[in-house]
$ cat protein.cif   # mmCIF, C-alpha atoms
data_upload
loop_
_atom_site.label_atom_id
_atom_site.label_comp_id
_atom_site.auth_asym_id
_atom_site.auth_seq_id
_atom_site.Cartn_x
_atom_site.Cartn_y
_atom_site.Cartn_z
CA MET A 1201 -8.92 30.44 9.40
CA ARG A 1202 -10.67 30.81 6.05
CA ALA A 1203 -7.74 32.81 4.67
CA THR A 1204 -5.30 30.10 5.79
CA LEU A 1205 -7.40 27.41 4.14
CA VAL A 1206 -7.66 29.36 0.87
CA LEU A 1207 -3.91 30.02 0.80
CA PHE A 1208 -3.26 26.35 1.58
CA LEU A 1209 -5.41 25.29 -1.37
CA THR A 1210 -3.42 27.56 -3.71
CA LEU A 1211 -0.18 26.07 -2.32
CA TYR A 1212 -1.59 22.58 -2.90
CA LEU A 1213 -2.23 23.52 -6.53
CA LEU A 1214 1.26 25.01 -6.81
CA ARG A 1215 2.88 21.85 -5.46
CA ALA A 1216 0.91 19.68 -7.89
CA LEU A 1217 1.90 21.90 -10.83
CA VAL A 1218 5.57 22.02 -9.86
CA ALA A 1219 5.60 18.23 -9.44
CA GLU A 1220 4.09 17.82 -12.92
CA VAL A 1221 6.65 20.17 -14.47
CA ASN A 1222 9.49 18.33 -12.72
CA ASN A 1223 8.05 15.04 -13.94
CA ALA A 1224 8.06 16.37 -17.51
CA LEU A 1225 11.62 17.71 -17.19
CA SER A 1226 13.05 14.57 -15.57
CA GLY A 1227 14.38 13.26 -18.89
CA VAL A 1228 16.79 16.20 -19.22
CA HIS A 1229 17.73 16.27 -15.52
CA VAL A 1230 16.30 19.70 -14.84
CA TRP A 1231 14.47 20.20 -11.54
CA LEU A 1232 12.63 23.28 -10.36
CA PHE A 1233 12.33 24.43 -6.76
CA ALA A 1234 9.60 26.93 -5.90
CA GLY A 1235 9.92 27.27 -2.11
CA GLY A 1236 9.94 31.06 -2.39
CA LEU A 1237 6.41 31.06 -3.78
CA PHE A 1238 5.13 29.06 -0.79
CA VAL A 1239 6.09 31.85 1.58
CA SER A 1240 6.25 35.24 -0.13
CA TYR A 1241 2.62 36.29 -0.61
CA ALA A 1242 1.54 35.09 2.84
CA ALA A 1243 4.47 36.89 4.47
CA LEU A 1244 4.02 40.13 2.52
CA ALA A 1245 0.26 40.55 2.38
CA MET A 1246 -1.38 38.60 5.20
CA PRO A 1247 -1.67 39.06 8.97
CA PHE A 1248 1.05 37.11 10.77
CA ARG A 1249 -0.94 34.20 12.21
CA SER A 1250 -2.97 33.22 9.14
CA GLY A 1251 0.01 33.73 6.81
CA PHE A 1252 2.37 31.84 9.08
CA ALA A 1253 -0.03 28.90 9.36
CA ALA A 1254 -0.34 28.78 5.55
CA SER A 1255 3.46 28.80 5.15
CA ILE A 1256 3.86 25.99 7.69
CA LEU A 1257 1.15 23.91 5.99
CA GLY A 1258 2.84 24.54 2.63
CA GLY A 1259 6.10 23.35 4.16
CA LEU A 1260 4.46 20.17 5.41
CA LEU A 1261 3.13 19.55 1.88
CA CYS A 1262 6.71 19.70 0.59
CA ASP A 1263 7.97 17.58 3.50
CA CYS A 1264 5.66 14.66 2.83
CA VAL A 1265 7.10 14.09 -0.65
CA SER A 1266 10.76 14.65 0.23
CA PRO A 1267 13.27 12.33 1.93
CA VAL A 1268 14.12 14.87 4.64
CA GLY A 1269 13.06 14.87 8.27
CA PHE A 1270 9.34 15.58 8.43
CA GLY A 1271 8.99 19.24 9.40
CA ALA A 1272 12.28 20.42 7.91
CA HIS A 1273 10.64 22.36 5.06
CA ALA A 1274 7.94 23.61 7.44
CA ILE A 1275 10.47 25.04 9.90
CA LEU A 1276 12.53 26.62 7.10
CA PHE A 1277 9.39 28.13 5.55
CA GLY A 1278 8.37 29.37 9.01
CA ILE A 1279 11.75 31.04 9.52
CA ALA A 1280 11.63 32.61 6.04
CA HIS A 1281 8.07 33.79 6.70
CA THR A 1282 9.05 35.44 9.99
CA VAL A 1283 12.09 37.16 8.47
CA VAL A 1284 10.11 38.54 5.51
CA PHE A 1285 7.22 39.57 7.76
CA ASN A 1286 9.55 41.59 10.00
CA LEU A 1287 11.15 43.30 7.01
CA ARG A 1288 8.01 44.01 5.03
CA GLU A 1289 7.34 47.49 6.41
CA ARG A 1290 10.64 48.66 4.92
CA ILE A 1291 9.78 47.69 1.35
CA GLN A 1292 7.09 48.59 -1.18
CA ARG A 1293 5.28 45.33 -0.57
CA GLU A 1294 2.15 46.25 -2.57
CA GLU A 1295 4.18 46.35 -5.80
CA THR A 1296 4.26 43.09 -7.74
CA PRO A 1297 7.89 43.50 -8.91
CA VAL A 1298 8.96 43.94 -5.28
CA ARG A 1299 7.06 40.80 -4.30
CA VAL A 1300 8.73 38.89 -7.13
CA VAL A 1301 12.18 40.02 -5.98
CA VAL A 1302 11.36 38.93 -2.42
CA ALA A 1303 10.19 35.54 -3.73
CA LEU A 1304 13.45 35.14 -5.69
CA LEU A 1305 15.57 35.95 -2.65
CA VAL A 1306 13.55 33.67 -0.37
CA ASN A 1307 13.82 30.90 -2.98
CA LEU A 1308 17.60 31.31 -3.08
CA GLY A 1309 17.87 31.20 0.71
CA LEU A 1310 15.63 28.15 1.06
CA PHE A 1311 17.44 26.31 -1.74
CA LEU A 1312 20.81 26.82 -0.02
CA ALA A 1313 19.37 25.87 3.39
CA ILE A 1314 17.91 22.61 2.05
CA THR A 1315 21.19 21.85 0.25
CA ILE A 1316 23.05 22.19 3.56
CA LEU A 1317 20.44 20.06 5.35
CA ARG A 1318 20.67 17.36 2.67
CA MET A 1319 24.49 17.39 2.77
CA ARG A 1320 24.31 16.53 6.47
CA ILE A 1321 22.33 13.38 5.67
CA VAL A 1322 23.91 12.22 2.40
CA HIS A 1323 27.44 12.72 1.10
CA LEU A 1324 27.00 14.73 -2.12
CA GLY A 1325 30.11 14.45 -4.31
CA ALA A 1326 31.87 17.42 -5.91
CA GLY A 1327 30.12 16.63 -9.19
CA VAL A 1328 26.79 17.66 -7.72
CA TRP A 1329 27.66 21.39 -7.51
CA PRO A 1330 27.21 22.23 -11.22
CA ARG A 1331 23.86 20.42 -11.12
CA LEU A 1332 22.80 22.37 -8.02
CA PHE A 1333 23.80 25.62 -9.71
CA TRP A 1334 21.77 24.85 -12.83
CA ASP A 1335 18.76 23.69 -10.81
CA LEU A 1336 18.86 26.94 -8.87
CA ALA A 1337 19.29 29.04 -12.03
CA TRP A 1338 16.37 27.36 -13.81
CA SER A 1339 14.25 27.60 -10.66
CA GLU A 1340 14.84 31.34 -10.38
CA VAL A 1341 13.95 31.86 -14.05
CA ALA A 1342 10.78 29.78 -13.71
CA LEU A 1343 9.84 31.59 -10.51
CA LEU A 1344 10.38 34.97 -12.17
CA LEU A 1345 7.88 33.97 -14.86
CA ALA A 1346 5.33 32.26 -12.62
CA ALA A 1347 5.35 34.52 -9.55
CA PRO A 1348 3.08 37.34 -10.88
CA TRP A 1349 0.51 34.77 -12.01
CA PHE A 1350 0.64 32.92 -8.69
CA PHE A 1351 0.36 36.09 -6.60
CA ALA A 1352 -2.67 37.11 -8.67
CA LEU A 1353 -4.16 33.64 -8.17
CA GLN A 1354 -3.72 33.90 -4.41
CA LEU A 1355 -5.23 37.41 -4.35
CA HIS A 1356 -8.26 36.42 -6.45
CA SER A 1357 -8.77 33.22 -4.45
CA LEU A 1358 -8.86 35.25 -1.24
CA GLU A 1359 -11.29 37.72 -2.82
CA LEU A 1360 -13.48 34.91 -4.08
CA ALA A 1361 -13.62 33.37 -0.61
CA ARG A 1362 -14.13 36.82 0.93
CA ALA A 1363 -11.05 36.17 3.05
CA LYS A 1364 -8.87 39.01 1.83
CA PRO A 1365 -7.74 41.31 4.65
CA SER A 1366 -9.59 44.67 4.47
CA ARG A 1367 -6.23 46.42 4.15
CA LEU A 1368 -2.72 45.14 3.92
CA ALA A 1369 -2.23 43.97 7.49
CA MET B 949 7.27 33.84 19.68
CA VAL B 950 5.01 31.89 17.30
CA LEU B 951 8.04 30.64 15.36
CA GLY B 952 9.71 29.54 18.60
CA LEU B 953 6.55 27.70 19.60
CA ALA B 954 6.39 25.97 16.20
CA VAL B 955 10.04 24.86 16.47
CA LEU B 956 9.42 23.60 20.01
CA VAL B 957 6.36 21.60 18.93
CA TRP B 958 8.37 20.10 16.07
CA LEU B 959 11.24 19.16 18.39
CA VAL B 960 9.14 17.55 21.12
CA ALA B 961 6.53 15.90 18.88
CA PRO B 962 6.84 12.10 19.09
CA VAL B 963 8.04 10.21 16.04
CA ALA B 964 4.71 8.40 15.77
CA LEU B 965 2.89 11.71 15.44
CA LYS B 966 5.32 12.94 12.77
CA THR B 967 4.97 9.65 10.87
CA LEU B 968 1.19 9.88 11.01
CA ALA B 969 1.25 13.51 9.87
CA ARG B 970 3.64 12.67 7.03
CA ALA B 971 1.46 9.78 5.86
CA SER B 972 -1.67 11.96 6.07
CA PHE B 973 -0.13 14.75 4.01
CA PHE B 974 1.24 12.27 1.47
CA GLU B 975 -2.17 10.64 1.04
CA MET B 976 -3.59 14.13 0.55
CA THR B 977 -1.28 14.67 -2.45
CA ALA B 978 -1.54 11.11 -3.81
CA PRO B 979 -4.89 11.50 -5.64
CA VAL B 980 -3.50 14.31 -7.78
CA VAL B 981 -0.40 12.27 -8.62
CA ALA B 982 -2.43 9.19 -9.52
CA ALA B 983 -5.05 11.18 -11.45
CA SER B 984 -2.43 12.97 -13.53
CA SER B 985 -0.77 9.63 -14.27
CA TYR B 986 -4.09 8.13 -15.44
CA VAL B 987 -4.71 11.18 -17.63
CA ASN B 988 -1.26 10.72 -19.19
CA ASP B 989 -2.06 7.08 -19.90
CA LEU B 990 -5.36 8.08 -21.49
CA GLN B 991 -3.57 10.68 -23.60
CA LYS B 992 -1.11 8.03 -24.83
CA PHE B 993 -4.00 5.65 -25.54
CA TRP B 994 -5.71 8.19 -27.79
CA ALA B 995 -2.40 9.06 -29.44
CA LEU B 996 -1.88 5.36 -30.23
CA ARG B 997 -5.39 5.15 -31.70
CA LEU B 998 -4.24 7.56 -34.39
CA HIS B 999 -1.81 4.98 -35.79
CA SER B 1000 -2.76 3.47 -39.13
CA LYS B 1001 -3.86 -0.16 -39.52
CA ASP B 1002 -0.69 -0.93 -41.51
CA GLU B 1003 1.42 0.13 -38.54
CA LEU B 1004 -0.68 -2.02 -36.21
CA ILE B 1005 -0.29 -5.05 -38.51
CA GLU B 1006 3.49 -4.54 -38.58
CA ALA B 1007 3.61 -4.16 -34.79
CA GLY B 1008 1.49 -7.31 -34.37
CA ARG B 1009 3.83 -9.28 -36.63
CA ASP B 1010 6.89 -8.09 -34.67
CA MET B 1011 5.14 -8.94 -31.42
CA ALA B 1012 4.36 -12.48 -32.67
CA ARG B 1013 8.06 -13.04 -33.39
CA ILE B 1014 9.07 -11.78 -29.95
CA ASN B 1015 6.40 -13.95 -28.34
CA ALA B 1016 7.71 -17.03 -30.15
CA LYS B 1017 11.22 -16.26 -28.89
CA TYR B 1018 9.99 -15.79 -25.33
CA SER B 1019 7.95 -19.00 -25.44
CA LEU B 1020 11.13 -20.88 -26.25
CA SER B 1021 12.94 -19.09 -23.40
CA VAL B 1022 10.15 -20.03 -20.97
CA GLN B 1023 10.51 -23.70 -21.93
CA GLN B 1024 14.28 -23.55 -21.44
CA THR B 1025 13.85 -21.77 -18.08
CA GLY B 1026 11.42 -24.47 -16.95
CA GLU B 1027 13.95 -27.18 -17.82
CA LEU B 1028 16.74 -25.32 -16.03
CA GLN B 1029 14.52 -24.77 -12.99
CA ALA B 1030 13.77 -28.48 -12.81
CA GLU B 1031 17.51 -29.20 -13.08
CA VAL B 1032 18.28 -26.71 -10.27
CA GLU B 1033 15.65 -28.29 -8.02
CA ARG B 1034 16.99 -31.79 -8.75
CA LEU B 1035 20.56 -30.72 -7.89
CA GLN B 1036 19.38 -28.92 -4.75
CA GLU B 1037 17.69 -32.06 -3.57
CA LEU B 1038 20.68 -34.20 -4.48
CA LEU B 1039 23.17 -31.94 -2.68
CA LYS B 1040 20.81 -31.15 0.23
CA MET B 1041 21.19 -27.40 -0.48
CA PRO B 1042 18.85 -24.78 0.98
CA ALA B 1043 16.18 -23.73 -1.49
CA ILE B 1044 16.61 -20.49 -3.43
CA GLU B 1045 14.23 -17.74 -2.39
CA GLY B 1046 11.59 -16.84 -4.91
CA TYR B 1047 10.07 -13.52 -5.92
CA ARG B 1048 6.61 -12.41 -6.92
CA PHE B 1049 6.77 -9.96 -9.84
CA GLU B 1050 4.55 -6.95 -9.27
CA HIS B 1051 4.42 -4.74 -12.36
CA ALA B 1052 3.57 -1.12 -11.70
CA ARG B 1053 3.10 2.07 -13.72
CA VAL B 1054 5.28 5.05 -12.92
CA ALA B 1055 3.07 7.91 -11.73
CA GLN B 1056 5.61 10.65 -11.13
CA ARG B 1057 9.36 11.28 -11.24
CA ASP B 1058 11.25 13.60 -8.91
CA PHE B 1059 14.87 13.91 -10.09
CA SER B 1060 16.69 16.65 -8.20
CA ALA B 1061 20.36 17.02 -7.31
CA TRP B 1062 19.39 16.19 -3.70
CA TRP B 1063 17.40 13.02 -4.35
CA GLN B 1064 16.15 10.87 -7.24
CA ARG B 1065 12.80 9.20 -6.65
CA MET B 1066 9.73 8.08 -8.49
CA VAL B 1067 6.21 7.30 -7.37
CA ILE B 1068 4.61 4.09 -8.67
CA ARG B 1069 0.91 3.25 -8.71
CA LYS B 1070 1.00 0.27 -6.36
CA GLY B 1071 1.40 0.29 -2.61
CA ALA B 1072 0.05 -1.41 0.47
CA ASP B 1073 -2.97 -2.53 -1.58
CA TYR B 1074 -0.62 -4.94 -3.42
CA ALA B 1075 1.42 -5.82 -0.29
CA ILE B 1076 4.53 -4.04 -1.55
CA PRO B 1077 7.14 -4.11 1.26
CA VAL B 1078 9.63 -1.36 2.09
CA GLY B 1079 13.09 -2.25 0.81
CA ALA B 1080 11.91 -4.44 -2.10
CA PRO B 1081 14.13 -4.24 -5.21
CA VAL B 1082 12.67 -2.61 -8.32
CA VAL B 1083 13.83 -3.69 -11.77
CA TYR B 1084 13.14 -3.16 -15.47
CA SER B 1085 14.32 -4.81 -18.69
CA GLY B 1086 17.68 -3.00 -18.45
CA GLY B 1087 18.47 -4.02 -14.87
CA VAL B 1088 18.09 -2.37 -11.47
CA VAL B 1089 15.87 0.68 -11.03
CA GLY B 1090 16.25 1.04 -7.26
CA ARG B 1091 14.47 0.02 -4.08
CA ILE B 1092 11.16 0.82 -2.43
CA SER B 1093 11.76 3.49 0.20
CA GLU B 1094 8.18 4.30 1.23
CA VAL B 1095 4.89 2.45 0.91
CA HIS B 1096 1.55 4.26 1.06
CA ALA B 1097 -2.05 3.16 0.62
CA TYR B 1098 -2.01 2.81 -3.18
CA THR B 1099 1.33 4.29 -4.18
CA SER B 1100 4.97 3.59 -3.32
CA VAL B 1101 8.12 5.65 -3.59
CA VAL B 1102 11.16 4.18 -5.34
CA GLN B 1103 14.66 5.42 -4.50
CA LEU B 1104 16.56 5.18 -7.78
CA THR B 1105 20.07 3.91 -8.45
CA THR B 1106 20.87 7.49 -9.49
CA ASP B 1107 20.08 8.79 -5.97
CA PRO B 1108 23.20 9.97 -4.10
CA GLY B 1109 21.84 8.29 -0.97
CA LEU B 1110 21.63 4.81 -2.49
CA ARG B 1111 24.50 2.34 -2.11
CA ILE B 1112 24.63 -1.16 -3.57
CA ALA B 1113 27.12 -4.00 -3.10
CA ALA B 1114 28.14 -4.77 -6.69
CA VAL B 1115 30.53 -6.92 -8.69
CA VAL B 1116 32.33 -6.43 -11.97
CA ASP B 1117 31.18 -8.90 -14.61
CA GLY B 1118 33.28 -12.07 -14.34
CA ASP B 1119 34.61 -11.21 -10.88
CA THR B 1120 33.31 -12.15 -7.43
CA ARG B 1121 34.96 -9.48 -5.27
CA PRO B 1122 32.35 -7.00 -4.03
CA ILE B 1123 32.71 -3.28 -4.63
CA SER B 1124 30.63 -0.34 -3.46
CA TYR B 1125 28.34 1.50 -5.86
CA GLN B 1126 26.81 4.89 -5.08
CA GLY B 1127 24.45 6.91 -7.28
CA GLY B 1128 24.88 10.59 -7.77
CA ASP B 1129 26.37 12.39 -10.71
CA ASN B 1130 23.35 13.51 -12.76
CA GLN B 1131 24.28 16.52 -14.82
CA VAL B 1132 21.76 18.68 -16.66
CA PHE B 1133 21.13 17.38 -20.22
CA GLY B 1134 23.59 14.54 -19.51
CA SER B 1135 23.18 10.81 -19.03
CA PRO B 1136 22.89 9.51 -15.46
CA LYS B 1137 26.08 8.31 -13.81
CA GLY B 1138 27.12 6.59 -10.60
CA LEU B 1139 30.34 6.14 -8.68
CA ILE B 1140 32.19 3.00 -7.57
CA GLU B 1141 34.69 2.56 -4.76
CA PHE B 1142 36.90 -0.21 -3.38
CA VAL B 1143 37.61 -1.63 -6.84
CA SER B 1144 40.53 -4.06 -6.95
CA LEU B 1145 43.72 -2.76 -8.56
CA ASP B 1146 43.67 -5.42 -11.29
CA VAL B 1147 40.32 -4.26 -12.68
CA TYR B 1148 40.58 -2.14 -15.83
CA ALA B 1149 37.83 -0.40 -17.75
CA SER B 1150 37.47 2.59 -20.03
CA ALA B 1151 34.88 4.24 -22.24
CA SER B 1152 36.15 2.23 -25.24
CA VAL B 1153 36.33 -1.04 -23.25
CA PRO B 1154 33.58 -0.76 -20.62
CA LYS B 1155 32.75 -3.49 -18.11
CA ARG B 1156 29.34 -4.50 -16.91
CA LEU B 1157 28.55 -3.78 -13.26
CA ALA B 1158 26.01 -6.09 -11.64
CA THR B 1159 24.49 -6.66 -8.23
CA SER B 1160 26.45 -9.01 -5.98
CA GLY B 1161 23.53 -10.39 -4.00
CA LEU B 1162 25.26 -9.38 -0.76
CA GLY B 1163 23.12 -7.47 1.67
CA GLY B 1164 20.04 -9.45 0.82
CA VAL B 1165 18.13 -6.71 -1.00
CA TYR B 1166 18.95 -7.32 -4.67
CA PRO B 1167 19.22 -10.74 -6.29
CA PRO B 1168 22.69 -11.33 -7.80
CA GLY B 1169 23.46 -10.65 -11.45
CA LEU B 1170 21.16 -7.71 -12.16
CA THR B 1171 22.76 -5.05 -14.35
CA ILE B 1172 23.44 -1.71 -12.67
CA GLY B 1173 25.41 -0.03 -15.48
CA ARG B 1174 28.70 0.01 -17.38
CA ILE B 1175 32.01 0.97 -15.79
CA VAL B 1176 33.56 3.53 -18.14
CA HIS B 1177 36.41 4.85 -16.02
CA VAL B 1178 38.56 3.61 -13.12
CA GLU B 1179 41.60 5.17 -11.50
CA SER B 1180 43.63 4.61 -8.34
CA SER B 1181 42.15 6.16 -5.24
CA ALA B 1182 44.15 8.59 -3.08
CA ASP B 1183 45.39 5.86 -0.71
CA GLY B 1184 46.50 3.61 -3.58
CA LEU B 1185 44.91 0.53 -2.00
CA PHE B 1186 41.90 0.42 -4.29
CA LYS B 1187 40.53 2.04 -7.42
CA ALA B 1188 37.50 4.30 -7.76
CA GLY B 1189 35.57 4.99 -10.91
CA GLU B 1190 32.52 6.08 -12.82
CA VAL B 1191 29.54 4.05 -13.96
CA GLU B 1192 27.37 4.99 -16.90
CA LEU B 1193 23.73 4.14 -16.26
CA ASP B 1194 21.09 3.35 -18.83
CA PRO B 1195 19.52 6.62 -20.08
CA ARG B 1196 16.13 4.81 -20.16
CA LEU B 1197 16.11 5.08 -16.35
CA THR B 1198 14.93 8.67 -16.62
CA GLU B 1199 12.04 7.83 -18.95
CA LEU B 1200 10.63 4.65 -17.45
CA THR B 1201 6.87 4.27 -17.57
CA GLU B 1202 6.61 0.79 -16.10
CA VAL B 1203 8.75 -1.09 -13.58
CA THR B 1204 8.63 -4.41 -11.74
CA VAL B 1205 8.82 -4.76 -7.98
CA LEU B 1206 10.38 -8.02 -6.76
CA VAL B 1207 8.41 -9.07 -3.71
CA ARG B 1208 10.16 -11.78 -1.74
CA GLU B 1209 8.14 -14.96 -1.32
CA GLY B 1210 9.26 -18.15 0.42
CA ALA B 1211 11.53 -20.70 -1.22
CA LEU B 1212 10.95 -21.81 -4.78
#

$ encode --input "protein.cif" --output "structure tokens"
Amino acid sequence: MRATLVLFLTLYLLRALVAEVNNALSGVHVWLFAGGLFVSYAALAMPFRSGFAASILGGLLCDCVSPVGFGAHAILFGIAHTVVFNLRERIQREETPVRVVVALLVNLGLFLAITILRMRIVHLGAGVWPRLFWDLAWSEVALLLAAPWFFALQLHSLELARAKPSRLA
Amino acid sequence: MVLGLAVLVWLVAPVALKTLARASFFEMTAPVVAASSYVNDLQKFWALRLHSKDELIEAGRDMARINAKYSLSVQQTGELQAEVERLQELLKMPAIEGYRFEHARVAQRDFSAWWQRMVIRKGADYAIPVGAPVVYSGGVVGRISEVHAYTSVVQLTTDPGLRIAAVVDGDTRPISYQGGDNQVFGSPKGLIEFVSLDVYASASVPKRLATSGLGGVYPPGLTIGRIVHVESSADGLFKAGEVELDPRLTELTEVTVLVREGAL
């Protein structure tokens, strides 16, 4: 429970920071998506239940500020969390570069899934594809730079709250 | 198993519960949005304090001129309003609906390829209704899509999900406007459909696109943008085209919400 709460607080901070960056970049029509960061650490380093709950809560945080059905992000984050959790024994999940690569791949998958979801609600013209490509490209670059810092923040927050699992679960 | 349970809960949860959860989570994020907006305002205030007295005197002089011009416009508007009321009474016409102007600061912008929204710092505390039109000095900004305790969300004219019944300047036939084409580092653009075949416009000879007043959301005559391109649609019955929107839309710091009030 404490671990879930601590992870949720870090995700709250992440959402606020991403929203501020997007606000600052709005003049040049660049928008960053960081869904991969909401899921990766919890899926790679935490026991299933506490990590899953944190991912779902992170999804709900994204849902409340987006014009999609409430719960859409949460379900997508939950699916991504489950997939990564089931694959994590096959990868060197303690290594930061590996975690970053997982975050990038999860981000890509979530971005495409939300694009498909959005296309079902609103007709997006052909002109939107270059914009989607650039948004995705910038998001991946930003995530590559921010992921090590954010993983360290989550780890230290868990240590500070004495909620870090005794070993990688 | 846990994922399946979560999906099941989401599917069977009543709409009221989802709405309540959404509102609760939004209100949880709202203080950060509002606080960051106030900090930005404070930052601008201190930046302005660095201006020299000469600059302030010049700005005050310019402001006095603009005020004089607006005072004259207010007098003329008052006379015209009285004339409109006299004619309405004479012709037994229904009274024109009035609006309360609610000015609000922009707290946060969220301009993705999927949606284009902004959060403003006024909500249910100022009786802002869902669906109210939002304007600025250049024309239409969008409409209120969500209202929360002390913030509201505005769906912009650049949002692909927003459609407006519009008219070309000097014409009365309605056409359909849809937001959408917002390229990186480019100016915002929208799309128009069902344009009559006798309407011509190009980048060198653009035409003003304004709200038609149909649909009851936007008052007629508000500028949406400039039509810079039209061409025949695939069926040949109508034309479709491109609308260039005001680049200031992406940098707005203050907007006005038109809240419908009874007849004038």

$ closest_residue --input "protein.cif" --among "A:Leu1312, A:Leu1244, A:Leu1261, A:Ala1253" --to "Asn1286 of chain A" --atoms "all atoms listed in the file"
A:Leu1244

$ interface_residues --input "protein.cif" --of "chain A" --to "chain B" --cutoff "6 Å" --atoms "all atoms listed in the file" --output "list in words"
Asn1223, Ser1226, Gly1227, Val1228, His1229, Val1230, Trp1231, Cys1264, Val1322, Gly1327, Arg1331 and Leu1332 of chain A

$ write_last_selection --input "protein.cif" --atoms "C-alpha atoms" --output "PDB file, in the frame of the given file"
ATOM      1  CA  ASN A1223       8.050  15.040 -13.940  1.00  0.00           C
ATOM      2  CA  SER A1226      13.050  14.570 -15.570  1.00  0.00           C
ATOM      3  CA  GLY A1227      14.380  13.260 -18.890  1.00  0.00           C
ATOM      4  CA  VAL A1228      16.790  16.200 -19.220  1.00  0.00           C
ATOM      5  CA  HIS A1229      17.730  16.270 -15.520  1.00  0.00           C
ATOM      6  CA  VAL A1230      16.300  19.700 -14.840  1.00  0.00           C
ATOM      7  CA  TRP A1231      14.470  20.200 -11.540  1.00  0.00           C
ATOM      8  CA  CYS A1264       5.660  14.660   2.830  1.00  0.00           C
ATOM      9  CA  VAL A1322      23.910  12.220   2.400  1.00  0.00           C
ATOM     10  CA  GLY A1327      30.120  16.630  -9.190  1.00  0.00           C
ATOM     11  CA  ARG A1331      23.860  20.420 -11.120  1.00  0.00           C
ATOM     12  CA  LEU A1332      22.800  22.370  -8.020  1.00  0.00           C
TER      13      LEU A1332
END

$ atom_distance --input "protein.cif" --atom1 "atom CA of Ala1149 of chain B" --atom2 "atom CA of Leu1170 of chain B"
19.0 Å

$ resolve_selection --input "protein.cif" --expression "the PyMOL selection byres ((chain B and resi 1084) around 10)" --output "MDAnalysis selection string"
chainID B and resid 1051 1082:1083 1085:1090 1170:1171 1196:1197 1200:1205

$ closest_residue --input "protein.cif" --among "B:Ile1014, B:Val1191, B:Tyr1047, B:Leu1104" --to "Pro1167 of chain B" --atoms "all atoms listed in the file"
B:Tyr1047

$ residues_around --input "protein.cif" --residues "Pro1154 of chain B" --least-positions-apart "4" --cutoff "12 Å" --atoms "only C-alpha atoms" --output "list of chain:residue names"
B:Val1116, B:Asp1117, B:Val1147, B:Tyr1148, B:Ala1149, B:Ser1150, B:Gly1173, B:Arg1174, B:Ile1175, B:Val1176, B:His1177, B:Val1178, B:Gly1189, B:Glu1190, B:Val1191, B:Glu1192, B:Leu1193

$ write_last_selection --input "protein.cif" --atoms "C-alpha atoms" --output "PDB file, keeping the file's coordinate frame"
ATOM      1  CA  VAL B1116      32.330  -6.430 -11.970  1.00  0.00           C
ATOM      2  CA  ASP B1117      31.180  -8.900 -14.610  1.00  0.00           C
ATOM      3  CA  VAL B1147      40.320  -4.260 -12.680  1.00  0.00           C
ATOM      4  CA  TYR B1148      40.580  -2.140 -15.830  1.00  0.00           C
ATOM      5  CA  ALA B1149      37.830  -0.400 -17.750  1.00  0.00           C
ATOM      6  CA  SER B1150      37.470   2.590 -20.030  1.00  0.00           C
ATOM      7  CA  GLY B1173      25.410  -0.030 -15.480  1.00  0.00           C
ATOM      8  CA  ARG B1174      28.700   0.010 -17.380  1.00  0.00           C
ATOM      9  CA  ILE B1175      32.010   0.970 -15.790  1.00  0.00           C
ATOM     10  CA  VAL B1176      33.560   3.530 -18.140  1.00  0.00           C
ATOM     11  CA  HIS B1177      36.410   4.850 -16.020  1.00  0.00           C
ATOM     12  CA  VAL B1178      38.560   3.610 -13.120  1.00  0.00           C
ATOM     13  CA  GLY B1189      35.570   4.990 -10.910  1.00  0.00           C
ATOM     14  CA  GLU B1190      32.520   6.080 -12.820  1.00  0.00           C
ATOM     15  CA  VAL B1191      29.540   4.050 -13.960  1.00  0.00           C
ATOM     16  CA  GLU B1192      27.370   4.990 -16.900  1.00  0.00           C
ATOM     17  CA  LEU B1193      23.730   4.140 -16.260  1.00  0.00           C
TER      18      LEU B1193
END

$ resolve_selection --input "protein.cif" --expression "the PyMOL selection byres ((chain A and resi 1340-1355) around 7)" --output "ChimeraX atom specification"
/A:1207,1210,1234,1237,1241,1296,1300,1304,1336-1339,1356-1359

$ resolve_selection --input "protein.cif" --expression "the PyMOL selection byres ((chain A and resi 1278) around 7)" --output "tab-separated table (two decimals) with C-alpha atoms, in the coordinates of the input"
chain	number	residue	atom	x	y	z
A	1252	PHE	CA	2.37	31.84	9.08
A	1255	SER	CA	3.46	28.80	5.15
A	1256	ILE	CA	3.86	25.99	7.69
A	1274	ALA	CA	7.94	23.61	7.44
A	1275	ILE	CA	10.47	25.04	9.90
A	1276	LEU	CA	12.53	26.62	7.10
A	1277	PHE	CA	9.39	28.13	5.55
A	1279	ILE	CA	11.75	31.04	9.52
A	1280	ALA	CA	11.63	32.61	6.04
A	1281	HIS	CA	8.07	33.79	6.70
A	1282	THR	CA	9.05	35.44	9.99
B	951	LEU	CA	8.04	30.64	15.36

$ atom_distance --input "protein.cif" --atom1 "atom CA of Val1078 of chain B" --atom2 "atom CA of Phe1270 of chain A"
18.1 Å

$ atom_distance --input "protein.cif" --atom1 "atom CA of Thr1099 of chain B" --atom2 "atom CA of Ala1072 of chain B"
7.5 Å

$ closest_residue --input "protein.cif" --among "A:Ala1326, A:Leu1305, A:Leu1211, A:Val1221" --to "Leu1260 of chain A" --atoms "only C-alpha atoms"
A:Leu1211

$ closest_residue --input "protein.cif" --among "A:Phe1248, A:Cys1262, A:Ala1242, A:Leu1257" --to "Arg1215 of chain A" --atoms "all atoms listed in the file"
A:Cys1262

$ axis_aligned_box --input "protein.cif" --around "segment 1193-1198 of chain B" --padding-each-side "4 Å" --output "lines of an AutoDock Vina configuration file"
center_x = 19.3
center_y = 6.0
center_z = -18.2
size_x = 16.8
size_y = 13.3
size_z = 11.9
